[in-house]
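Shown next: final11.csv, containing CSV, C-alpha atoms (C1' of nucleotides).
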chain,number,residue,atom,x,y,z
A,1,MET,CA,-10.5,-16.3,9.9
A,2,ALA,CA,-12.8,-15.2,12.7
A,3,ASN,CA,-15.7,-15.5,10.3
A,4,HIS,CA,-15.2,-19.2,10.0
A,5,GLU,CA,-14.9,-19.6,13.8
A,6,GLU,CA,-18.2,-17.7,14.2
A,7,LEU,CA,-19.8,-20.0,11.7
A,8,PHE,CA,-18.4,-22.9,13.6
A,9,GLN,CA,-20.0,-21.7,16.9
A,10,GLU,CA,-23.3,-21.1,15.2
A,11,THR,CA,-23.2,-24.5,13.7
A,12,LEU,CA,-22.8,-26.1,17.1
A,13,ARG,CA,-25.5,-24.0,18.8
A,14,GLU,CA,-27.9,-24.5,16.0
A,15,ARG,CA,-27.8,-28.2,16.5
A,16,GLY,CA,-28.1,-28.0,20.2
A,17,PHE,CA,-24.4,-28.5,21.1
A,18,ARG,CA,-22.4,-26.2,23.3
A,19,VAL,CA,-19.4,-24.1,22.5
A,20,THR,CA,-16.7,-25.3,24.9
A,21,PRO,CA,-13.0,-24.4,25.1
A,22,ASP,CA,-12.1,-27.9,24.2
A,23,ARG,CA,-14.1,-27.9,21.0
A,24,LEU,CA,-12.7,-24.5,20.1
A,25,HIS,CA,-9.2,-25.9,20.7
A,26,VAL,CA,-9.7,-28.8,18.3
A,27,TYR,CA,-11.4,-26.6,15.8
A,28,ARG,CA,-8.5,-24.1,15.8
A,29,LEU,CA,-5.9,-26.8,15.5
A,30,LEU,CA,-7.6,-28.2,12.4
A,31,GLU,CA,-8.0,-24.8,11.0
A,32,SER,CA,-4.3,-24.0,11.4
A,33,SER,CA,-3.1,-27.2,9.8
A,34,PRO,CA,-2.3,-27.2,6.2
A,35,PHE,CA,-3.0,-31.0,5.9
A,36,PRO,CA,-5.3,-33.6,7.5
A,37,LEU,CA,-4.4,-34.6,11.0
A,38,PRO,CA,-4.6,-38.2,12.3
A,39,ILE,CA,-6.3,-38.5,15.7
A,40,SER,CA,-3.0,-39.4,17.3
A,41,THR,CA,-1.6,-36.0,16.3
A,42,VAL,CA,-4.7,-34.1,17.5
A,43,VAL,CA,-4.4,-36.0,20.8
A,44,GLU,CA,-0.7,-35.1,21.2
A,45,GLU,CA,-1.1,-31.5,20.2
A,46,ILE,CA,-4.1,-31.0,22.4
A,47,GLN,CA,-2.9,-32.9,25.4
A,48,SER,CA,-0.4,-30.1,26.2
A,49,THR,CA,-3.4,-27.9,26.9
A,50,GLY,CA,-4.7,-30.5,29.4
A,51,ILE,CA,-7.5,-31.9,27.3
A,52,ASN,CA,-8.3,-35.6,27.8
A,53,GLN,CA,-7.8,-38.2,25.0
A,54,THR,CA,-11.4,-39.4,25.3
A,55,THR,CA,-12.6,-35.9,24.8
A,56,VAL,CA,-10.7,-35.6,21.6
A,57,TYR,CA,-12.3,-38.8,20.3
A,58,ARG,CA,-15.7,-37.5,21.2
A,59,ILE,CA,-15.1,-34.1,19.7
A,60,LEU,CA,-13.9,-35.5,16.4
A,61,GLU,CA,-16.8,-37.9,16.3
A,62,LEU,CA,-19.2,-35.0,16.9
A,63,PHE,CA,-17.5,-32.8,14.3
A,64,THR,CA,-17.7,-35.6,11.7
A,65,ALA,CA,-21.4,-36.3,12.5
A,66,ILE,CA,-22.5,-32.7,12.1
A,67,GLY,CA,-20.3,-32.1,9.0
A,68,ILE,CA,-17.5,-29.9,10.3
A,69,VAL,CA,-14.7,-32.3,9.4
A,70,HIS,CA,-14.4,-35.4,7.4
A,71,PRO,CA,-11.9,-38.3,7.3
A,72,VAL,CA,-9.5,-38.7,4.4
A,73,LEU,CA,-6.8,-41.2,3.7
A,74,ILE,CA,-3.2,-40.0,4.4
A,75,GLY,CA,0.0,-42.0,4.1
A,76,HIS,CA,-0.4,-45.7,3.9
A,77,GLY,CA,-3.9,-46.5,4.9
A,78,SER,CA,-4.2,-44.3,7.9
A,79,VAL,CA,-7.0,-41.8,8.4
A,80,GLY,CA,-6.7,-38.1,9.0
A,81,TYR,CA,-9.3,-35.4,9.7
A,82,GLU,CA,-9.7,-32.0,8.0
A,83,LEU,CA,-12.3,-29.2,8.0
A,84,ILE,CA,-14.7,-29.3,5.1
A,85,PRO,CA,-16.5,-26.4,3.3
A,86,PRO,CA,-17.8,-24.0,4.3
A,87,PHE,CA,-15.3,-24.1,7.2
A,88,ARG,CA,-12.4,-24.5,4.8
A,89,HIS,CA,-12.1,-24.0,1.1
A,90,HIS,CA,-12.5,-27.0,-1.2
A,91,HIS,CA,-9.2,-28.6,-2.1
A,92,HIS,CA,-7.5,-31.9,-2.9
A,93,HIS,CA,-4.3,-33.7,-2.0
A,94,LEU,CA,-1.2,-34.6,-3.8
A,95,VAL,CA,0.5,-37.3,-1.7
A,96,CYS,CA,4.0,-38.7,-2.1
A,97,VAL,CA,4.1,-42.4,-1.7
A,98,GLY,CA,7.8,-42.2,-0.9
A,99,CYS,CA,7.9,-39.8,2.0
A,100,ASN,CA,4.1,-39.1,2.7
A,101,GLN,CA,4.5,-35.4,2.0
A,102,VAL,CA,1.1,-33.9,1.3
A,103,VAL,CA,0.6,-30.9,-1.0
A,104,ASP,CA,-2.7,-29.0,-1.0
A,105,LEU,CA,-4.2,-28.5,-4.5
A,106,ASN,CA,-6.5,-25.6,-4.6
A,107,ASN,CA,-7.4,-25.3,-8.3
A,108,CYS,CA,-9.9,-28.1,-8.5
A,109,ARG,CA,-12.4,-27.2,-11.3
A,110,LEU,CA,-13.6,-30.8,-11.4
A,111,GLU,CA,-17.2,-30.1,-10.6
A,112,GLN,CA,-18.4,-30.3,-14.2
A,113,ARG,CA,-16.6,-33.5,-14.9
A,114,VAL,CA,-17.9,-35.0,-11.7
A,115,ASP,CA,-21.4,-34.0,-12.7
A,116,GLU,CA,-21.0,-35.7,-16.1
A,117,ILE,CA,-19.6,-38.9,-14.6
A,118,VAL,CA,-22.4,-39.2,-12.0
A,119,GLU,CA,-25.3,-38.0,-14.1
A,120,PRO,CA,-26.6,-41.5,-15.0
A,121,TYR,CA,-26.9,-42.6,-11.3
A,122,GLY,CA,-29.4,-40.1,-10.0
A,123,TYR,CA,-27.3,-39.2,-7.0
A,124,LYS,CA,-27.4,-35.8,-5.3
A,125,ILE,CA,-23.8,-34.9,-5.1
A,126,LEU,CA,-22.5,-33.5,-1.8
A,127,TYR,CA,-18.8,-33.4,-2.2
A,128,HIS,CA,-15.9,-35.2,-3.9
A,129,ASP,CA,-12.4,-36.1,-2.9
A,130,LEU,CA,-9.5,-36.4,-5.3
A,131,GLU,CA,-6.3,-37.9,-4.1
A,132,ILE,CA,-3.3,-38.0,-6.4
A,133,HIS,CA,-0.5,-40.3,-5.5
A,134,GLY,CA,3.0,-40.1,-6.9
A,135,LEU,CA,6.6,-39.4,-6.2
A,136,CYS,CA,7.8,-36.0,-5.2
A,137,PRO,CA,10.9,-34.6,-6.9
A,138,ASP,CA,13.1,-35.6,-3.9
A,139,CYS,CA,11.9,-39.2,-3.9
A,140,GLN,CA,12.3,-39.5,-7.6
A,141,ALA,CA,15.9,-38.5,-7.3
A,142,LYS,CA,16.4,-41.0,-4.4
A,143,GLU,CA,14.9,-43.8,-6.5
A,144,LYS,CA,17.2,-43.1,-9.3
A,145,ASP,CA,20.2,-43.3,-7.0
A,146,ASN,CA,19.2,-46.5,-5.3
A,147,ALA,CA,18.0,-48.6,-8.1
A,148,PRO,CA,19.0,-47.3,-11.5
A,149,ASN,CA,18.2,-50.6,-13.3
A,150,GLU,CA,15.0,-51.6,-11.5
A,151,ASN,CA,11.4,-51.2,-12.7
B,152,MET,CA,-9.8,-63.5,-15.5
B,153,ALA,CA,-7.1,-66.2,-15.6
B,154,ASN,CA,-4.8,-63.6,-17.2
B,155,HIS,CA,-4.9,-61.4,-14.1
B,156,GLU,CA,-4.3,-64.4,-11.9
B,157,GLU,CA,-1.2,-65.4,-13.8
B,158,LEU,CA,0.1,-61.8,-13.6
B,159,PHE,CA,-0.6,-62.0,-9.9
B,160,GLN,CA,1.5,-65.1,-9.6
B,161,GLU,CA,4.3,-63.7,-11.7
B,162,THR,CA,4.3,-60.6,-9.6
B,163,LEU,CA,4.8,-62.6,-6.4
B,164,ARG,CA,7.5,-64.8,-7.8
B,165,GLU,CA,9.4,-61.9,-9.5
B,166,ARG,CA,9.7,-60.3,-6.1
B,167,GLY,CA,10.8,-63.5,-4.4
B,168,PHE,CA,7.5,-64.3,-2.7
B,169,ARG,CA,5.8,-67.6,-2.9
B,170,VAL,CA,2.5,-68.4,-4.5
B,171,THR,CA,0.4,-70.1,-1.7
B,172,PRO,CA,-3.2,-71.2,-1.5
B,173,ASP,CA,-3.9,-68.6,1.1
B,174,ARG,CA,-2.6,-65.8,-1.0
B,175,LEU,CA,-4.6,-67.1,-4.0
B,176,HIS,CA,-7.7,-67.2,-1.8
B,177,VAL,CA,-7.3,-63.6,-0.7
B,178,TYR,CA,-6.5,-62.5,-4.3
B,179,ARG,CA,-9.6,-64.2,-5.7
B,180,LEU,CA,-11.8,-62.8,-3.0
B,181,LEU,CA,-10.7,-59.3,-3.9
B,182,GLU,CA,-11.0,-60.0,-7.5
B,183,SER,CA,-14.6,-61.2,-7.1
B,184,SER,CA,-15.7,-58.2,-5.1
B,185,PRO,CA,-17.3,-55.3,-6.9
B,186,PHE,CA,-16.3,-52.9,-4.1
B,187,PRO,CA,-13.4,-52.5,-1.6
B,188,LEU,CA,-13.4,-54.9,1.3
B,189,PRO,CA,-12.5,-54.0,4.9
B,190,ILE,CA,-10.1,-56.4,6.6
B,191,SER,CA,-12.8,-57.6,8.8
B,192,THR,CA,-14.8,-58.8,5.9
B,193,VAL,CA,-11.8,-60.5,4.3
B,194,VAL,CA,-11.1,-62.2,7.6
B,195,GLU,CA,-14.7,-63.4,7.9
B,196,GLU,CA,-15.0,-64.6,4.3
B,197,ILE,CA,-11.7,-66.3,4.4
B,198,GLN,CA,-12.0,-67.9,7.8
B,199,SER,CA,-14.5,-70.4,6.5
B,200,THR,CA,-11.7,-71.8,4.4
B,201,GLY,CA,-9.6,-72.3,7.5
B,202,ILE,CA,-7.1,-69.4,7.0
B,203,ASN,CA,-5.9,-67.7,10.1
B,204,GLN,CA,-6.6,-64.1,10.9
B,205,THR,CA,-3.0,-63.2,11.3
B,206,THR,CA,-2.3,-64.6,7.9
B,207,VAL,CA,-4.9,-62.3,6.3
B,208,TYR,CA,-3.3,-59.3,7.9
B,209,ARG,CA,0.1,-60.4,6.7
B,210,ILE,CA,-1.2,-61.1,3.2
B,211,LEU,CA,-2.9,-57.7,2.8
B,212,GLU,CA,0.2,-56.0,4.1
B,213,LEU,CA,2.3,-57.8,1.5
B,214,PHE,CA,-0.2,-57.1,-1.3
B,215,THR,CA,-0.2,-53.4,-0.3
B,216,ALA,CA,3.6,-53.2,-0.2
B,217,ILE,CA,4.2,-54.7,-3.6
B,218,GLY,CA,1.4,-52.8,-5.3
B,219,ILE,CA,-1.3,-55.4,-5.8
B,220,VAL,CA,-4.0,-53.7,-3.6
B,221,HIS,CA,-4.4,-50.3,-2.1
B,222,PRO,CA,-6.5,-48.9,0.8
B,223,VAL,CA,-9.4,-46.7,0.1
B,224,LEU,CA,-11.9,-45.0,2.4
B,225,ILE,CA,-15.3,-46.6,2.5
B,226,GLY,CA,-18.3,-45.6,4.6
B,227,HIS,CA,-17.6,-43.4,7.5
B,228,GLY,CA,-13.8,-43.3,8.0
B,229,SER,CA,-13.1,-47.0,7.7
B,230,VAL,CA,-10.6,-48.4,5.3
B,231,GLY,CA,-11.2,-51.1,2.6
B,232,TYR,CA,-8.8,-52.8,0.2
B,233,GLU,CA,-9.1,-53.3,-3.5
B,234,LEU,CA,-7.0,-54.5,-6.4
B,235,ILE,CA,-5.3,-51.8,-8.4
B,236,PRO,CA,-4.2,-51.7,-12.1
B,237,PRO,CA,-3.0,-53.8,-13.8
B,238,PHE,CA,-4.8,-56.4,-11.6
B,239,ARG,CA,-8.1,-54.5,-12.0
B,240,HIS,CA,-9.2,-51.8,-14.3
B,241,HIS,CA,-9.0,-48.2,-13.1
B,242,HIS,CA,-12.2,-46.9,-11.6
B,243,HIS,CA,-13.7,-44.7,-9.0
B,244,HIS,CA,-16.4,-44.8,-6.4
B,245,LEU,CA,-19.7,-43.1,-5.9
B,246,VAL,CA,-20.6,-43.5,-2.2
B,247,CYS,CA,-24.0,-42.8,-0.6
B,248,VAL,CA,-23.5,-41.0,2.7
B,249,GLY,CA,-26.9,-42.3,3.7
B,250,CYS,CA,-26.7,-46.0,3.3
B,251,ASN,CA,-23.0,-46.5,2.3
B,252,GLN,CA,-23.9,-48.0,-1.0
B,253,VAL,CA,-20.9,-48.0,-3.3
B,254,VAL,CA,-21.2,-47.7,-7.1
B,255,ASP,CA,-18.2,-48.3,-9.3
B,256,LEU,CA,-17.5,-45.6,-11.9
B,257,ASN,CA,-15.6,-46.8,-14.9
B,258,ASN,CA,-15.6,-43.8,-17.2
B,259,CYS,CA,-12.9,-41.8,-15.5
B,260,ARG,CA,-11.1,-39.8,-18.2
B,261,LEU,CA,-9.6,-37.6,-15.6
B,262,GLU,CA,-5.9,-38.2,-16.5
B,263,GLN,CA,-5.5,-35.0,-18.5
B,264,ARG,CA,-7.1,-32.8,-15.9
B,265,VAL,CA,-4.9,-34.5,-13.2
B,266,ASP,CA,-1.8,-33.8,-15.2
B,267,GLU,CA,-2.7,-30.2,-15.6
B,268,ILE,CA,-3.4,-29.8,-11.9
B,269,VAL,CA,-0.2,-31.4,-10.8
B,270,GLU,CA,2.1,-30.0,-13.4
B,271,PRO,CA,3.6,-27.2,-11.3
B,272,TYR,CA,4.8,-29.6,-8.6
B,273,GLY,CA,7.1,-31.8,-10.5
B,274,TYR,CA,5.6,-35.0,-9.1
B,275,LYS,CA,5.7,-38.3,-11.0
B,276,ILE,CA,2.1,-39.4,-10.9
B,277,LEU,CA,1.4,-43.0,-10.1
B,278,TYR,CA,-2.3,-43.1,-9.7
B,279,HIS,CA,-5.3,-41.1,-8.5
B,280,ASP,CA,-8.4,-41.8,-6.5
B,281,LEU,CA,-11.6,-39.9,-6.9
B,282,GLU,CA,-14.4,-40.5,-4.4
B,283,ILE,CA,-17.7,-38.8,-5.0
B,284,HIS,CA,-20.1,-38.6,-2.0
B,285,GLY,CA,-23.8,-37.9,-2.2
B,286,LEU,CA,-27.2,-39.3,-1.6
B,287,CYS,CA,-28.5,-42.1,-3.7
B,288,PRO,CA,-32.1,-41.8,-5.1
B,289,ASP,CA,-33.5,-44.0,-2.3
B,290,CYS,CA,-31.9,-41.9,0.5
B,291,GLN,CA,-33.0,-38.7,-1.2
B,292,ALA,CA,-36.6,-40.0,-1.1
B,293,LYS,CA,-36.2,-41.0,2.6
B,294,GLU,CA,-34.8,-37.6,3.5
B,295,LYS,CA,-37.8,-35.8,1.9
B,296,ASP,CA,-40.2,-38.0,3.8
B,297,ASN,CA,-38.5,-37.5,7.2
B,298,ALA,CA,-37.6,-33.8,7.2
B,299,PRO,CA,-39.5,-31.8,4.5
B,300,ASN,CA,-38.7,-28.5,6.2
B,301,GLU,CA,-35.1,-29.0,7.3
B,302,ASN,CA,-31.9,-27.9,5.7
C,303,DG,C1',17.1,-79.2,2.0
C,304,DT,C1',16.5,-74.4,2.6
C,305,DT,C1',13.9,-70.5,3.0
C,306,DT,C1',9.6,-68.6,3.4
C,307,DA,C1',4.7,-68.8,5.0
C,308,DT,C1',1.4,-70.0,8.5
C,309,DG,C1',-0.9,-71.0,13.1
C,310,DC,C1',-1.2,-70.1,17.7
C,311,DA,C1',-1.0,-67.5,21.9
C,312,DA,C1',0.3,-63.7,24.1
C,313,DA,C1',1.3,-58.8,24.0
C,314,DC,C1',0.0,-54.3,22.5
C,315,DA,C1',-2.3,-50.0,21.0
C,316,DG,C1',-6.0,-47.6,19.9
C,317,DT,C1',-10.7,-46.8,20.9
C,318,DT,C1',-15.0,-47.1,23.5
C,319,DT,C1',-17.9,-47.2,27.7
C,320,DG,C1',-19.9,-46.0,32.4
C,321,DC,C1',-20.1,-43.1,35.8
C,322,DA,C1',-18.9,-39.2,38.8
C,323,DT,C1',-17.7,-34.4,38.4
C,324,DG,C1',-17.6,-29.9,36.2
C,325,DT,C1',-19.4,-26.3,33.2
C,326,DA,C1',-22.2,-23.9,29.4
C,327,DC,C1',-26.4,-22.0,29.0
D,328,DG,C1',-30.6,-25.1,38.2
D,329,DT,C1',-30.5,-28.3,34.4
D,330,DA,C1',-28.7,-30.6,30.7
D,331,DC,C1',-24.7,-31.4,28.4
D,332,DA,C1',-19.5,-32.0,28.3
D,333,DT,C1',-15.4,-33.8,30.4
D,334,DG,C1',-12.0,-36.8,33.1
D,335,DC,C1',-10.8,-41.0,34.7
D,336,DA,C1',-10.4,-45.9,34.9
D,337,DA,C1',-11.6,-50.1,33.1
D,338,DA,C1',-13.2,-52.9,29.4
D,339,DC,C1',-12.9,-54.1,24.7
D,340,DT,C1',-11.5,-54.7,19.7
D,341,DG,C1',-8.5,-54.8,16.3
D,342,DT,C1',-3.7,-55.5,15.2
D,343,DT,C1',1.0,-57.0,15.9
D,344,DT,C1',4.8,-60.0,17.5
D,345,DG,C1',7.7,-64.3,18.6
D,346,DC,C1',8.3,-68.6,18.0
D,347,DA,C1',7.4,-73.4,16.6
D,348,DT,C1',5.6,-76.0,12.7
D,349,DA,C1',4.4,-76.7,7.8
D,350,DA,C1',4.8,-75.9,3.0
D,351,DA,C1',6.8,-73.9,-1.5
D,352,DC,C1',10.5,-73.9,-4.2

Would you mind giving the structure from this file in structure tokens?
Amino acid sequence: MANHEELFQETLRERGFRVTPDRLHVYRLLESSPFPLPISTVVEEIQSTGINQTTVYRILELFTAIGIVHPVLIGHGSVGYELIPPFRHHHHHLVCVGCNQVVDLNNCRLEQRVDEIVEPYGYKILYHDLEIHGLCPDCQAKEKDNAPNEN
Amino acid sequence: MANHEELFQETLRERGFRVTPDRLHVYRLLESSPFPLPISTVVEEIQSTGINQTTVYRILELFTAIGIVHPVLIGHGSVGYELIPPFRHHHHHLVCVGCNQVVDLNNCRLEQRVDEIVEPYGYKILYHDLEIHGLCPDCQAKEKDNAPNEN
DNA sequence: GTTTATGCAAACAGTTTGCATGTAC
DNA sequence: GTACATGCAAACTGTTTGCATAAAC
């Protein structure tokens, strides 16, 4: 959405940072990805455009600092980055512990429950992340084939 | 709880791994911590007992592989480890983005909602993590003092 | 006694830093 | 033109690996 990209540019300028081709590249890559990307992937994808590794690190650090992206856990303990609202709609992840497939969940409706849970602590809530881990249908089938008696 | 520790020892033996003083040490450290610990902290805490760094890495890798601990995001994009059920009760985290304080949330009751959300995908759910981010009362106060007109 | 776990040292990978050059504003 | 962003190379940190020794079973 061009709207999001304009918002992105405004956000940078508002805070005194410049809109550069490299920053746009990283932004667009994240916007086009249906799941969070580890730095290594961003570096690979981006390097074909001639952008330096160091620059990618600096851009993701900046984006994190000013609230354009945030880190989330993907796969087994590794970190990926994804756009956060208002740059991308609020959503959660369903992760397969077998094959690391990630499914986006868009019907959250958890706000009320989150409010209830947190109410006693006096926190001002900014956002929440829900990650659901399980076995996808394929991996369930594989598990049955390999170890019918285990567990 | 001694019960949990026995279960821990059983779990190791069942899978063909040995119960060693080092593994017990790491287990007890995690059990005694109210919040997830980054590897660096485990290494520091543990090194006073003479255990080698490499061993800590190997133990945490093992514990993760056989489902005794799991990694969670703490602070700004760094990873911490904590015991998972049945070695520790199910809980979630309320994290302050200002000071990184972590509060344990024990009244989850999200299972039903999670089931509803995931139902269409055919996944077998193993566990879920909810992380709520916000500003603790102290950091809210600080923010007001420092920048009354911003945002 | 056998097999697994640990310690040590070296290798490795990912990340950060300083500085010179290029570019957005 | 000025201040900020980038590229490059080197430094640094955290993590992994191979092998000899020690300990659990």

Test item: chain B residues at most 6 Å from chain A, counting all atoms listed in the file, as a PyMOL selection string: chain B and resi 222+228+273-288

Chain C residues near chain B (10 Å cut-off, only C-alpha atoms (C1' of nucleotides)) as a PyMOL selection string: chain C and resi 306-310

Could you give me, as a Markdown table, every chain D residue with an atom at most 9 Å from chain A, plus its closest atom pair and distance in Å to one decimal, counting all atoms listed in the file, rows ordered by chain then number?
| residue | atom | partner | partner_atom | distance |
| --- | --- | --- | --- | --- |
| D:DC331 | C1' | A:Arg18 | CA | 7.6 |
| D:DA332 | C1' | A:Thr20 | CA | 8.0 |
| D:DT333 | C1' | A:Thr55 | CA | 6.6 |
| D:DG334 | C1' | A:Asn52 | CA | 6.6 |

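Neighbours of DT342 of chain D closer than or equal to 10 Å, with all atoms listed in the file counted and sequence neighbours fewer than 6 positions away skipped, come out as B:Thr205, B:Tyr208, C:DC314, C:DA315, C:DG316.
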
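Going from atom CA of Leu180 of chain B over to atom CA of Val253 of chain B, you cover 17.4 Å.
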
Interatomic distance, atom CA of Pro237 of chain B to atom CA of His155 of chain B (Å, one decimal): 7.8 Å

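The spacing separating atom CA of Val207 of chain B from atom C1' of DG341 of chain D amounts to 13.0 Å.
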
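In terms of minimum interatomic distance to His240 of chain B, B:Pro185 ranks closest within B:Pro172, B:Pro185, B:Gly201, B:Pro271, counting all atoms listed in the file.
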
Compute the distance from (-15.2, -24.6, 4.3) to each atom, counting all atoms listed in the file, keep the residues with any atom at most 12 Å away, and return them as a compact mmCIF listing (two decimals) with C-alpha atoms, in the frame of the given file; use the coordinates of the file.
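In the end it all went to selection_7.txt:
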# COMPACT_ATOMS: atom_id res chain seq x y z
CA MET A 1 -10.50 -16.30 9.90
CA ASN A 3 -15.70 -15.50 10.30
CA HIS A 4 -15.20 -19.20 10.00
CA GLU A 5 -14.90 -19.60 13.80
CA LEU A 7 -19.80 -20.00 11.70
CA PHE A 8 -18.40 -22.90 13.60
CA LEU A 30 -7.60 -28.20 12.40
CA GLU A 31 -8.00 -24.80 11.00
CA GLY A 67 -20.30 -32.10 9.00
CA ILE A 68 -17.50 -29.90 10.30
CA VAL A 69 -14.70 -32.30 9.40
CA HIS A 70 -14.40 -35.40 7.40
CA GLU A 82 -9.70 -32.00 8.00
CA LEU A 83 -12.30 -29.20 8.00
CA ILE A 84 -14.70 -29.30 5.10
CA PRO A 85 -16.50 -26.40 3.30
CA PRO A 86 -17.80 -24.00 4.30
CA PHE A 87 -15.30 -24.10 7.20
CA ARG A 88 -12.40 -24.50 4.80
CA HIS A 89 -12.10 -24.00 1.10
CA HIS A 90 -12.50 -27.00 -1.20
CA HIS A 91 -9.20 -28.60 -2.10
CA TYR A 127 -18.80 -33.40 -2.20
